[in-house]
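Visitor: This is query.cif (mmCIF, C-alpha atoms).
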```
data_work
loop_
_atom_site.label_atom_id
_atom_site.label_comp_id
_atom_site.auth_asym_id
_atom_site.auth_seq_id
_atom_site.Cartn_x
_atom_site.Cartn_y
_atom_site.Cartn_z
CA MET A 1 -6.43 -37.37 14.81
CA PRO A 2 -9.04 -35.26 16.66
CA ASP A 3 -11.84 -37.14 18.34
CA ILE A 4 -15.45 -36.10 17.83
CA THR A 5 -16.89 -36.33 21.34
CA MET A 6 -20.43 -36.35 22.64
CA PRO A 7 -21.19 -32.66 23.28
CA ARG A 8 -23.43 -31.17 25.96
CA LEU A 9 -26.47 -30.12 23.93
CA SER A 10 -28.80 -29.16 26.79
CA ASP A 11 -28.46 -27.94 30.35
CA THR A 12 -29.74 -31.22 31.81
CA MET A 13 -27.99 -33.60 29.42
CA GLU A 14 -25.67 -36.26 30.87
CA ASP A 15 -25.43 -38.52 27.84
CA GLY A 16 -26.85 -38.83 24.34
CA VAL A 17 -27.88 -41.49 21.86
CA VAL A 18 -26.50 -41.53 18.32
CA ALA A 19 -29.74 -41.54 16.32
CA ASN A 20 -28.34 -41.28 12.80
CA TRP A 21 -25.03 -40.79 10.98
CA LEU A 22 -25.38 -38.37 8.05
CA LYS A 23 -21.77 -38.94 6.98
CA GLN A 24 -19.99 -42.25 6.42
CA VAL A 25 -16.37 -43.31 6.86
CA GLY A 26 -14.28 -41.85 4.06
CA ASP A 27 -16.56 -38.85 3.49
CA THR A 28 -15.00 -35.40 3.38
CA VAL A 29 -16.41 -33.05 6.02
CA THR A 30 -16.10 -29.32 6.56
CA ARG A 31 -16.25 -27.36 9.79
CA GLY A 32 -19.88 -26.73 10.75
CA GLU A 33 -21.25 -29.49 8.51
CA VAL A 34 -23.77 -31.82 10.19
CA LEU A 35 -22.24 -35.23 10.91
CA ALA A 36 -24.95 -36.95 12.91
CA GLU A 37 -28.22 -36.58 14.77
CA ILE A 38 -28.08 -36.97 18.55
CA GLU A 39 -31.08 -37.78 20.72
CA THR A 40 -30.81 -35.86 23.97
CA ASP A 41 -33.12 -35.66 26.97
CA LYS A 42 -35.04 -32.90 25.24
CA ALA A 43 -34.79 -33.11 21.47
CA LEU A 44 -33.17 -34.55 18.38
CA MET A 45 -30.12 -32.34 17.86
CA GLU A 46 -27.64 -31.94 15.02
CA LEU A 47 -23.95 -32.61 15.69
CA GLU A 48 -21.64 -30.41 13.62
CA ALA A 49 -18.05 -31.14 12.62
CA TYR A 50 -15.43 -29.30 14.67
CA ASP A 51 -12.81 -29.18 11.86
CA ASP A 52 -12.29 -29.84 8.17
CA GLY A 53 -11.09 -33.32 7.26
CA VAL A 54 -12.20 -36.86 6.50
CA LEU A 55 -14.42 -39.02 8.68
CA GLU A 56 -11.95 -41.81 9.42
CA ARG A 57 -13.78 -43.85 12.01
CA ILE A 58 -17.23 -44.19 13.58
CA ILE A 59 -16.81 -45.31 17.18
CA ALA A 60 -20.45 -45.13 18.33
CA VAL A 61 -22.87 -46.91 16.00
CA VAL A 62 -26.49 -45.87 15.72
CA GLY A 63 -28.33 -46.62 18.95
CA THR A 64 -25.29 -46.25 21.19
CA ARG A 65 -25.76 -44.23 24.40
CA VAL A 66 -22.61 -42.21 25.07
CA PRO A 67 -21.75 -40.02 28.10
CA ILE A 68 -20.80 -36.39 27.52
CA GLY A 69 -17.16 -36.03 26.54
CA GLU A 70 -16.71 -39.60 25.31
CA PRO A 71 -15.48 -40.06 21.70
CA ILE A 72 -18.01 -41.13 19.07
CA ALA A 73 -15.98 -40.66 15.86
CA VAL A 74 -12.59 -39.62 14.49
CA VAL A 75 -11.92 -36.99 11.84
CA GLY A 76 -8.43 -36.85 10.29
CA ASP A 77 -6.64 -36.35 7.00
CA GLY A 78 -8.01 -39.57 5.53
CA SER A 79 -4.88 -41.67 5.88
CA GLY A 80 -6.33 -43.64 8.77
CA ALA A 81 -9.81 -44.21 7.37
CA ASP A 82 -11.40 -47.44 8.59
CA THR A 83 -13.35 -48.67 5.58
CA THR A 84 -14.83 -51.65 7.44
CA PRO A 85 -18.62 -51.36 7.05
CA ALA A 86 -20.33 -50.20 10.22
CA PRO A 87 -22.42 -52.96 11.83
CA THR A 88 -26.16 -52.82 11.38
CA GLY A 89 -29.17 -54.57 12.89
CA ALA A 90 -28.31 -57.14 15.53
CA ALA A 91 -24.62 -56.64 14.88
CA ALA A 92 -24.93 -52.95 15.63
CA THR A 93 -26.78 -53.72 18.85
CA ALA A 94 -24.05 -56.12 19.88
CA ALA A 95 -21.37 -53.58 19.01
CA ALA A 96 -23.14 -50.89 21.01
CA ALA A 97 -23.64 -53.11 24.05
CA PRO A 98 -20.90 -53.00 26.70
CA SER A 99 -18.79 -56.11 27.01
CA PRO A 100 -18.35 -57.35 30.58
CA ALA A 101 -14.90 -58.66 29.68
CA ALA A 102 -13.44 -55.35 28.45
CA PRO A 103 -10.05 -54.66 30.00
CA ALA A 104 -9.57 -51.73 32.33
CA ALA A 105 -7.76 -48.88 30.60
CA THR A 106 -5.04 -46.60 31.85
CA ALA A 107 -3.84 -43.28 30.56
CA PRO A 108 -0.22 -42.74 29.46
CA ASP A 109 0.64 -41.44 32.92
CA GLY A 110 -0.64 -44.65 34.50
CA ARG A 111 -3.95 -43.24 35.75
CA HIS A 112 -7.18 -45.15 35.32
CA LYS A 113 -9.09 -43.91 32.25
CA SER A 114 -12.59 -42.75 33.09
CA SER A 115 -15.07 -40.05 32.13
CA PRO A 116 -15.47 -36.99 34.38
CA LEU A 117 -19.10 -37.97 35.01
CA ALA A 118 -18.04 -41.48 36.01
CA ARG A 119 -15.51 -40.11 38.51
CA LYS A 120 -18.12 -37.75 39.97
CA ILE A 121 -20.68 -40.51 40.45
CA ALA A 122 -18.02 -42.86 41.84
CA ARG A 123 -17.20 -40.27 44.53
CA GLU A 124 -20.90 -39.82 45.35
CA LEU A 125 -21.52 -43.58 45.59
CA GLY A 126 -18.27 -44.40 47.34
CA VAL A 127 -17.08 -46.68 44.53
CA ASP A 128 -13.36 -47.35 44.03
CA ILE A 129 -13.14 -46.44 40.35
CA THR A 130 -9.76 -48.14 39.96
CA ALA A 131 -11.45 -51.48 40.64
CA VAL A 132 -14.20 -50.97 38.06
CA THR A 133 -14.04 -52.73 34.69
CA GLY A 134 -14.36 -50.19 31.87
CA THR A 135 -16.68 -50.89 28.95
CA GLY A 136 -16.37 -47.55 27.17
CA PRO A 137 -14.24 -46.78 24.12
CA GLY A 138 -10.72 -48.05 24.72
CA GLY A 139 -11.76 -49.62 28.02
CA ARG A 140 -12.67 -46.28 29.63
CA VAL A 141 -14.85 -46.45 32.73
CA THR A 142 -18.27 -44.89 32.12
CA ARG A 143 -21.12 -43.84 34.38
CA HIS A 144 -22.92 -47.09 33.58
CA ASP A 145 -19.90 -49.09 34.72
CA VAL A 146 -19.79 -47.25 38.05
CA GLU A 147 -23.52 -47.67 38.66
CA THR A 148 -23.31 -51.39 37.78
CA ALA A 149 -20.41 -51.85 40.18
CA HIS A 150 -22.30 -50.02 42.92
CA THR A 151 -25.42 -52.15 42.38
CA ALA A 152 -23.35 -55.30 42.51
CA THR A 153 -21.69 -54.19 45.75
CA VAL A 154 -24.99 -53.34 47.42
CA SER A 155 -26.71 -56.55 46.32
CA GLY A 156 -23.73 -58.83 46.88
CA VAL A 157 -23.88 -60.07 43.28
CA PRO A 158 -20.55 -60.04 41.37
CA GLU A 159 -20.19 -57.32 38.77
CA SER A 160 -19.61 -59.90 36.07
CA HIS A 161 -23.03 -61.53 36.52
CA THR A 162 -24.39 -63.05 33.35
CA PRO A 163 -27.42 -61.61 31.50
CA GLU A 164 -29.33 -64.79 32.38
CA THR A 165 -28.96 -63.94 36.10
CA PRO A 166 -29.82 -60.24 36.45
CA VAL A 167 -29.03 -58.47 39.69
CA SER A 168 -32.70 -57.79 40.36
CA ALA A 169 -33.51 -61.49 40.05
CA ALA A 170 -30.74 -62.44 42.46
CA VAL A 171 -32.03 -59.94 45.01
CA ASP A 172 -35.74 -60.68 44.86
CA THR A 173 -36.93 -63.25 42.34
CA ALA A 174 -40.53 -62.76 43.41
CA THR A 175 -40.61 -59.29 41.82
CA VAL A 176 -39.39 -60.45 38.40
CA PRO A 177 -42.06 -61.40 35.81
CA VAL A 178 -41.91 -64.87 34.28
CA ALA A 179 -39.59 -64.88 31.27
CA GLY A 180 -41.48 -64.54 28.02
CA ASP A 181 -44.50 -62.82 29.58
CA TYR A 182 -43.37 -59.33 28.62
CA ASP A 183 -41.52 -57.31 26.01
CA GLU A 184 -38.65 -55.08 27.10
CA ILE A 185 -38.99 -51.61 25.56
CA PRO A 186 -35.99 -49.33 26.16
CA LEU A 187 -36.84 -45.88 27.48
CA THR A 188 -36.14 -42.94 25.23
CA SER A 189 -33.79 -40.28 26.49
CA ILE A 190 -36.78 -38.05 27.19
CA GLN A 191 -38.51 -40.74 29.22
CA ARG A 192 -35.35 -41.54 31.20
CA VAL A 193 -34.72 -37.93 32.15
CA SER A 194 -38.41 -37.26 32.85
CA ALA A 195 -38.49 -40.25 35.20
CA VAL A 196 -35.53 -38.91 37.16
CA ARG A 197 -36.66 -35.27 37.27
CA LEU A 198 -40.29 -35.97 38.14
CA THR A 199 -39.30 -38.46 40.83
CA GLU A 200 -37.03 -35.83 42.32
CA SER A 201 -39.86 -33.30 42.09
CA LYS A 202 -42.23 -35.49 44.11
CA GLN A 203 -39.51 -36.38 46.62
CA HIS A 204 -38.17 -32.89 47.25
CA ALA A 205 -41.05 -30.52 46.46
CA PRO A 206 -44.00 -30.84 48.88
CA HIS A 207 -46.96 -30.55 46.50
CA ILE A 208 -50.22 -28.88 47.45
CA TYR A 209 -53.24 -29.11 45.17
CA LEU A 210 -56.05 -26.60 44.65
CA THR A 211 -58.98 -27.17 42.29
CA SER A 212 -61.33 -24.57 40.86
CA ALA A 213 -64.49 -25.09 38.77
CA ILE A 214 -64.69 -22.34 36.15
CA ASP A 215 -67.72 -21.41 34.06
CA VAL A 216 -66.35 -21.20 30.50
CA THR A 217 -69.67 -20.75 28.69
CA ASP A 218 -68.86 -17.14 27.83
CA LEU A 219 -65.24 -18.01 27.03
CA LEU A 220 -66.32 -20.55 24.42
CA ALA A 221 -68.68 -18.04 22.83
CA PHE A 222 -65.93 -15.41 22.89
CA ARG A 223 -63.52 -17.84 21.19
CA ALA A 224 -66.10 -18.51 18.46
CA ARG A 225 -66.39 -14.75 17.74
CA ILE A 226 -62.58 -14.38 17.64
CA ASN A 227 -62.24 -17.25 15.18
CA GLU A 228 -64.96 -15.80 12.93
CA THR A 229 -62.99 -12.55 12.77
CA LEU A 230 -59.70 -14.38 12.15
CA ALA A 231 -61.29 -16.49 9.40
CA GLU A 232 -62.47 -13.36 7.61
CA ALA A 233 -58.88 -12.11 7.72
CA GLY A 234 -57.51 -15.43 6.47
CA ALA A 235 -55.73 -16.14 9.76
CA GLY A 236 -55.54 -19.32 11.81
CA LYS A 237 -57.82 -20.29 14.66
CA VAL A 238 -57.39 -19.72 18.38
CA SER A 239 -57.91 -22.69 20.71
CA VAL A 240 -59.32 -22.70 24.22
CA ASN A 241 -55.83 -23.57 25.43
CA ASP A 242 -54.41 -20.47 23.73
CA LEU A 243 -56.86 -18.31 25.67
CA LEU A 244 -55.97 -20.15 28.87
CA VAL A 245 -52.25 -19.56 28.25
CA LYS A 246 -52.90 -15.84 27.85
CA ALA A 247 -55.17 -15.78 30.91
CA VAL A 248 -52.58 -17.55 33.07
CA ALA A 249 -49.86 -15.18 31.86
CA VAL A 250 -51.96 -12.11 32.69
CA THR A 251 -52.79 -13.54 36.13
CA LEU A 252 -49.14 -14.32 36.81
CA ARG A 253 -48.25 -10.71 36.01
CA ALA A 254 -50.70 -9.67 38.74
CA ASN A 255 -49.37 -12.35 41.12
CA PRO A 256 -45.55 -12.37 40.86
CA ALA A 257 -45.32 -14.46 44.04
CA VAL A 258 -46.42 -17.47 41.94
CA ASN A 259 -43.90 -16.86 39.15
CA VAL A 260 -40.99 -18.18 41.22
CA SER A 261 -38.42 -20.94 41.64
CA PHE A 262 -37.15 -22.36 44.93
CA GLY A 263 -33.47 -21.66 45.51
CA GLY A 264 -32.81 -23.23 48.90
CA ASP A 265 -32.26 -20.18 51.07
CA THR A 266 -33.80 -17.82 48.51
CA LEU A 267 -36.76 -17.51 46.18
CA LEU A 268 -36.06 -16.62 42.58
CA ARG A 269 -38.83 -14.28 41.44
CA HIS A 270 -38.73 -14.26 37.65
CA ARG A 271 -39.10 -11.00 35.77
CA GLY A 272 -40.31 -12.67 32.59
CA ILE A 273 -43.40 -14.84 32.28
CA HIS A 274 -42.42 -17.85 30.22
CA LEU A 275 -45.13 -20.50 30.00
CA GLY A 276 -44.41 -24.15 29.27
CA VAL A 277 -47.11 -25.98 27.32
CA ALA A 278 -46.90 -29.76 27.80
CA VAL A 279 -47.00 -31.71 24.51
CA ALA A 280 -47.30 -35.49 24.21
CA THR A 281 -44.93 -36.96 21.61
CA PRO A 282 -44.11 -40.55 20.58
CA ALA A 283 -40.79 -40.20 22.43
CA GLY A 284 -42.31 -38.82 25.64
CA LEU A 285 -43.56 -35.58 27.14
CA LEU A 286 -41.95 -32.35 25.91
CA VAL A 287 -42.63 -28.83 27.17
CA PRO A 288 -42.08 -26.05 24.62
CA VAL A 289 -41.89 -22.61 26.23
CA ILE A 290 -43.85 -19.53 25.13
CA ARG A 291 -41.61 -16.70 26.27
CA ASP A 292 -43.10 -13.40 27.51
CA ALA A 293 -46.59 -14.83 27.05
CA ASP A 294 -48.16 -11.92 28.89
CA LEU A 295 -46.88 -9.49 26.24
CA LYS A 296 -48.11 -11.42 23.21
CA PRO A 297 -51.58 -11.26 21.63
CA VAL A 298 -53.62 -14.46 21.69
CA SER A 299 -53.25 -14.89 17.93
CA ALA A 300 -49.44 -14.85 18.25
CA ILE A 301 -49.60 -17.35 21.12
CA ALA A 302 -51.79 -19.60 18.96
CA THR A 303 -49.38 -19.48 16.01
CA GLU A 304 -46.31 -20.08 18.17
CA THR A 305 -47.89 -22.90 20.18
CA LEU A 306 -49.07 -24.71 17.05
CA ASP A 307 -45.64 -24.43 15.44
CA LYS A 308 -43.73 -25.58 18.52
CA ALA A 309 -46.12 -28.45 19.23
CA ARG A 310 -45.69 -29.72 15.66
CA ARG A 311 -41.90 -29.46 15.82
CA ALA A 312 -41.89 -31.10 19.27
CA ARG A 313 -43.65 -34.15 17.81
CA ASP A 314 -41.14 -34.20 14.94
CA ARG A 315 -38.20 -33.81 17.38
CA LYS A 316 -37.15 -30.59 15.66
CA LEU A 317 -37.29 -28.23 18.63
CA ARG A 318 -34.06 -26.62 19.75
CA ALA A 319 -33.03 -27.10 23.38
CA GLU A 320 -33.38 -23.38 24.13
CA GLU A 321 -37.03 -23.55 23.03
CA MET A 322 -37.72 -25.93 25.92
CA SER A 323 -35.69 -24.14 28.59
CA GLY A 324 -36.35 -21.26 30.94
CA GLY A 325 -40.02 -21.89 31.70
CA THR A 326 -41.43 -20.31 34.86
CA PHE A 327 -44.89 -21.99 34.95
CA THR A 328 -46.39 -24.92 33.01
CA ILE A 329 -49.87 -25.73 31.68
CA SER A 330 -50.86 -29.35 31.04
CA ASN A 331 -54.17 -29.85 29.22
CA LEU A 332 -55.77 -33.31 28.93
CA GLY A 333 -59.25 -32.01 28.16
CA MET A 334 -59.04 -33.21 24.56
CA TYR A 335 -58.99 -36.78 25.90
CA GLY A 336 -62.18 -36.26 27.90
CA ILE A 337 -60.34 -36.10 31.24
CA GLU A 338 -62.35 -33.88 33.55
CA HIS A 339 -59.91 -33.55 36.44
CA PHE A 340 -56.33 -34.59 37.24
CA THR A 341 -53.28 -33.47 39.17
CA ALA A 342 -49.91 -32.84 37.52
CA VAL A 343 -46.36 -33.12 38.84
CA ILE A 344 -44.41 -29.86 39.02
CA ASN A 345 -41.73 -29.47 36.36
CA PRO A 346 -38.58 -28.41 38.29
CA PRO A 347 -37.15 -25.85 38.80
CA GLU A 348 -40.60 -24.28 38.41
CA CYS A 349 -42.84 -24.13 41.47
CA ALA A 350 -46.29 -24.55 39.94
CA ILE A 351 -48.20 -26.31 37.18
CA LEU A 352 -51.83 -26.02 36.09
CA ALA A 353 -53.72 -29.18 35.08
CA VAL A 354 -56.64 -28.42 32.74
CA GLY A 355 -59.54 -30.81 32.21
CA ALA A 356 -62.42 -30.96 29.75
CA ALA A 357 -65.37 -28.56 29.79
CA THR A 358 -68.58 -30.44 30.58
CA ASP A 359 -72.26 -29.53 30.72
CA GLU A 360 -73.47 -29.01 34.28
CA LEU A 361 -76.65 -27.61 35.81
CA ARG A 362 -76.35 -24.36 37.72
CA LEU A 363 -78.78 -22.03 39.45
CA ASP A 364 -79.33 -18.65 37.81
CA GLY A 365 -81.56 -16.92 40.31
CA ASP A 366 -84.59 -19.18 40.49
CA ASP A 367 -83.87 -20.84 37.16
CA VAL A 368 -81.83 -23.98 36.49
CA VAL A 369 -79.55 -23.51 33.49
CA SER A 370 -76.96 -25.61 31.71
CA ARG A 371 -73.45 -24.18 31.72
CA LYS A 372 -70.04 -25.33 30.46
CA ILE A 373 -67.82 -25.99 33.49
CA LEU A 374 -64.07 -26.56 33.28
CA ARG A 375 -61.99 -27.73 36.23
CA VAL A 376 -58.39 -26.71 36.69
CA THR A 377 -56.06 -27.99 39.41
CA MET A 378 -52.97 -26.11 40.46
CA SER A 379 -50.03 -28.06 41.89
CA ALA A 380 -47.74 -25.78 43.88
CA ASP A 381 -44.44 -26.25 45.70
CA HIS A 382 -45.41 -25.43 49.27
CA ARG A 383 -41.83 -24.41 50.06
CA ALA A 384 -42.20 -21.43 47.74
CA ILE A 385 -45.94 -20.81 47.40
CA ASP A 386 -48.29 -20.69 50.37
CA GLY A 387 -51.79 -22.08 50.06
CA ALA A 388 -53.33 -18.62 50.41
CA VAL A 389 -51.13 -17.24 47.62
CA ALA A 390 -52.08 -20.13 45.34
CA ALA A 391 -55.76 -19.70 46.22
CA GLN A 392 -55.64 -16.00 45.40
CA PHE A 393 -54.01 -16.77 42.07
CA LEU A 394 -56.72 -19.31 41.17
CA ALA A 395 -59.51 -16.96 42.26
CA GLN A 396 -58.20 -14.21 40.00
CA LEU A 397 -57.68 -16.65 37.12
CA LYS A 398 -61.27 -17.89 37.49
CA ASP A 399 -62.62 -14.33 37.48
CA LEU A 400 -60.57 -13.46 34.38
CA ILE A 401 -61.68 -16.53 32.42
CA GLU A 402 -65.33 -15.95 33.32
CA HIS A 403 -64.99 -12.42 31.91
CA PRO A 404 -63.01 -13.30 28.76
CA LEU A 405 -62.93 -9.83 27.24
CA ARG A 406 -60.48 -8.88 30.01
CA ILE A 407 -58.02 -11.51 28.71
CA VAL A 408 -57.28 -9.52 25.57
CA THR A 409 -57.66 -5.98 26.90
#
```
As structure tokens, please, write out the structure in this file.
Guide:
Amino acid sequence: MPDITMPRLSDTMEDGVVANWLKQVGDTVTRGEVLAEIETDKALMELEAYDDGVLERIIAVVGTRVPIGEPIAVVGDGSGADTTPAPTGAAATAAAAPSPAAPAATAPDGRHKSSPLARKIARELGVDITAVTGTGPGGRVTRHDVETAHTATVSGVPESHTPETPVSAAVDTATVPVAGDYDEIPLTSIQRVSAVRLTESKQHAPHIYLTSAIDVTDLLAFRARINETLAEAGAGKVSVNDLLVKAVAVTLRANPAVNVSFGGDTLLRHRGIHLGVAVATPAGLLVPVIRDADLKPVSAIATETLDKARRARDRKLRAEEMSGGTFTISNLGMYGIEHFTAVINPPECAILAVGAATDELRLDGDDVVSRKILRVTMSADHRAIDGAVAAQFLAQLKDLIEHPLRIVT
């Protein structure tokens, strides 16, 4: 009977969570038919059947986190169908949770059963995988098992510690909140991966920050005229952020030294300008990518951004729609935030943080006038982008935004 295994659905995916089974045990399935929804580090993805047959067994219940390559279901000819109802609620949680007493498993040739990822991490951490208790399907050693064993070794606490005596409490009880004073909320896959990637970004990419105050009075008036024209044509509106996306793309085309990734001994200068637009979702921060933004009119950018932002919030974006970005824009102006710094989204080397436009007094000759001022802060990886290069980029972006007709011509 062929196993249905957790597939790699994105370039950064290490494991996935079974979010929903669309087929039940005993159901007939055909090749290419959607069996389940899988929550990855980037999106909610559909898992298709590999072959025709009958869903005979569901190994991973809803909510189970499964490493890539591990079995989650079995499709066969129907003769081995397990008609036992799948556990739900608390029972499902208990079924999904690893059991510390699971026996270690061995393959037919006598080798210890473990996932490729578990073996890789065991080598990196110096863990003897043959001594690790497996909690995966059939007693297979998973990445979680290896990491738990490593933590236990470092802290001196036995691997089989009880839930009432967590490793962290045994190491430093002063750092653990009093029981009952908090609610434990599991991280989503997006939050888990973001935590790892952004931590790595701050640790490995030396950030430099440059802030520019831009007069957007004329830009706002220009946007109003554009939207009047679009309304007459029955088209959708253009936002300030859409104009900023186009302005950044045009400025990147004039400054290719900013449109780069750091490759160790080399710099990767990207030919295409693919802008990530950070979107807040209930599951965490997602970054849809507007590809070839410099070649698209502002109206097309507006339509595409609106569509991708909506589908990002609904977890309907495909992984490829969030991959391949070369520069990211993060806008918190709608929340009234005037200025902030953003963490670079690796492997990119720069991100632009956009604040809210506020009324400020400025001198116009001998007169004091009120103008709309917007502050943007560029975070750049100093390994790839020198301060002078970043400053030149911001200066040109400021000049372009303050003369908005140039953005669309």
Visitor: In Å to one decimal, how far is CA of Ser10 (chain A) from CA of Glu48 (chain A)?
Guide: 15.0 Å
Visitor: So the first atom is CA of Gly263 (chain A) and the second is CA of Phe340 (chain A); what is the distance between them in Å, to one decimal place?
Guide: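 Rounded to one decimal, the two atoms are 27.5 Å apart.
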Visitor: Using only C-alpha atoms, which of A:Glu232, A:Glu304, A:Glu321, A:Glu70 sits nearest Met6 (chain A)?
Guide: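 Between A:Glu232, A:Glu304, A:Glu321, A:Glu70, the residue approaching Met6 (chain A) most closely is A:Glu70.
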Visitor: Would you compute the distance between CA of Thr303 (chain A) and CA of Ile290 (chain A)? Give it in Å to one decimal.
Guide: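 These atoms are spaced 10.7 Å apart.
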Visitor: Contacts of Gly325 (chain A) at 10 Å or less, counting only C-alpha atoms, minus same-chain residues fewer than 2 places along, as a CSV table (one decimal) with C-alpha atoms, keeping the file's coordinate frame?
Guide:
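Listing of result.csv after writing:
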```
chain,number,residue,atom,x,y,z
A,259,ASN,CA,-43.9,-16.9,39.2
A,270,HIS,CA,-38.7,-14.3,37.6
A,272,GLY,CA,-40.3,-12.7,32.6
A,273,ILE,CA,-43.4,-14.8,32.3
A,274,HIS,CA,-42.4,-17.8,30.2
A,275,LEU,CA,-45.1,-20.5,30.0
A,276,GLY,CA,-44.4,-24.2,29.3
A,277,VAL,CA,-47.1,-26.0,27.3
A,287,VAL,CA,-42.6,-28.8,27.2
A,288,PRO,CA,-42.1,-26.0,24.6
A,289,VAL,CA,-41.9,-22.6,26.2
A,290,ILE,CA,-43.8,-19.5,25.1
A,291,ARG,CA,-41.6,-16.7,26.3
A,292,ASP,CA,-43.1,-13.4,27.5
A,321,GLU,CA,-37.0,-23.6,23.0
A,322,MET,CA,-37.7,-25.9,25.9
A,323,SER,CA,-35.7,-24.1,28.6
A,327,PHE,CA,-44.9,-22.0,35.0
A,328,THR,CA,-46.4,-24.9,33.0
A,345,ASN,CA,-41.7,-29.5,36.4
A,346,PRO,CA,-38.6,-28.4,38.3
A,347,PRO,CA,-37.2,-25.8,38.8
A,348,GLU,CA,-40.6,-24.3,38.4
```
Visitor: Carefully work through the PyMOL selection byres ((chain A and resi 207-220) around 9) for this structure and note down the residues it includes, as a short mmCIF file (atom, residue, chain, number, x, y, z; two decimals) with C-alpha atoms, in the coordinates of the input.
Guide:
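Final output, out.cif:
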```cif
data_model
loop_
_atom_site.label_atom_id
_atom_site.label_comp_id
_atom_site.auth_asym_id
_atom_site.auth_seq_id
_atom_site.Cartn_x
_atom_site.Cartn_y
_atom_site.Cartn_z
CA SER A 201 -39.86 -33.30 42.09
CA LYS A 202 -42.23 -35.49 44.11
CA ALA A 205 -41.05 -30.52 46.46
CA PRO A 206 -44.00 -30.84 48.88
CA ALA A 221 -68.68 -18.04 22.83
CA PHE A 222 -65.93 -15.41 22.89
CA ARG A 223 -63.52 -17.84 21.19
CA ALA A 224 -66.10 -18.51 18.46
CA ARG A 225 -66.39 -14.75 17.74
CA VAL A 240 -59.32 -22.70 24.22
CA LEU A 243 -56.86 -18.31 25.67
CA HIS A 339 -59.91 -33.55 36.44
CA THR A 341 -53.28 -33.47 39.17
CA VAL A 343 -46.36 -33.12 38.84
CA ILE A 344 -44.41 -29.86 39.02
CA ALA A 350 -46.29 -24.55 39.94
CA ALA A 357 -65.37 -28.56 29.79
CA ARG A 371 -73.45 -24.18 31.72
CA LYS A 372 -70.04 -25.33 30.46
CA ILE A 373 -67.82 -25.99 33.49
CA LEU A 374 -64.07 -26.56 33.28
CA ARG A 375 -61.99 -27.73 36.23
CA VAL A 376 -58.39 -26.71 36.69
CA THR A 377 -56.06 -27.99 39.41
CA MET A 378 -52.97 -26.11 40.46
CA SER A 379 -50.03 -28.06 41.89
CA ALA A 380 -47.74 -25.78 43.88
CA ASP A 381 -44.44 -26.25 45.70
CA HIS A 382 -45.41 -25.43 49.27
CA ARG A 383 -41.83 -24.41 50.06
CA ASP A 386 -48.29 -20.69 50.37
CA GLY A 387 -51.79 -22.08 50.06
CA ALA A 390 -52.08 -20.13 45.34
CA ALA A 391 -55.76 -19.70 46.22
CA LEU A 394 -56.72 -19.31 41.17
CA ALA A 395 -59.51 -16.96 42.26
CA LYS A 398 -61.27 -17.89 37.49
CA ASP A 399 -62.62 -14.33 37.48
CA ILE A 401 -61.68 -16.53 32.42
CA GLU A 402 -65.33 -15.95 33.32
CA HIS A 403 -64.99 -12.42 31.91
CA PRO A 404 -63.01 -13.30 28.76
CA LEU A 405 -62.93 -9.83 27.24
#
```
Visitor: Pick from A:Asp27, A:Asp128, A:Asp183, A:Asp364: nearest to Val74 (chain A), with only C-alpha atoms counted?
Guide: A:Asp27
Visitor: From the set A:Ala319, A:Ala195, A:Gly236, A:Asp314, which residue has the shortest atom-to-atom contact distance to Met13 (chain A), counting all atoms listed in the file?
Guide: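 For Met13 (chain A), the nearest of the given residues is A:Ala319.
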Visitor: Taking the file as shown, what set of residues would the PyMOL selection byres ((chain A and resi 145) around 9) give back, as a list in words?
Guide: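 What the PyMOL selection byres ((chain A and resi 145) around 9) grabs from the file is Pro98, Ala118, Val132, Thr133, Gly134, Thr135, Gly136, Val141, Thr142, Arg143, His144, Val146, Glu147, Thr148, Ala149 and His150 of chain A.
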Visitor: Looking at all atoms listed in the file, which of A:Ala300, A:Ile121, A:Leu352, A:Asn20 is the one that sits closest to Leu397 (chain A)?
Guide: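 Closest candidate: A:Leu352.
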Visitor: I'd like to know which of A:Leu125, A:Val61, A:Ala353, A:Ala49 is closest to Ala19 (chain A), using only C-alpha atoms.
Guide: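 The answer is A:Val61, which sits nearest to Ala19 (chain A).
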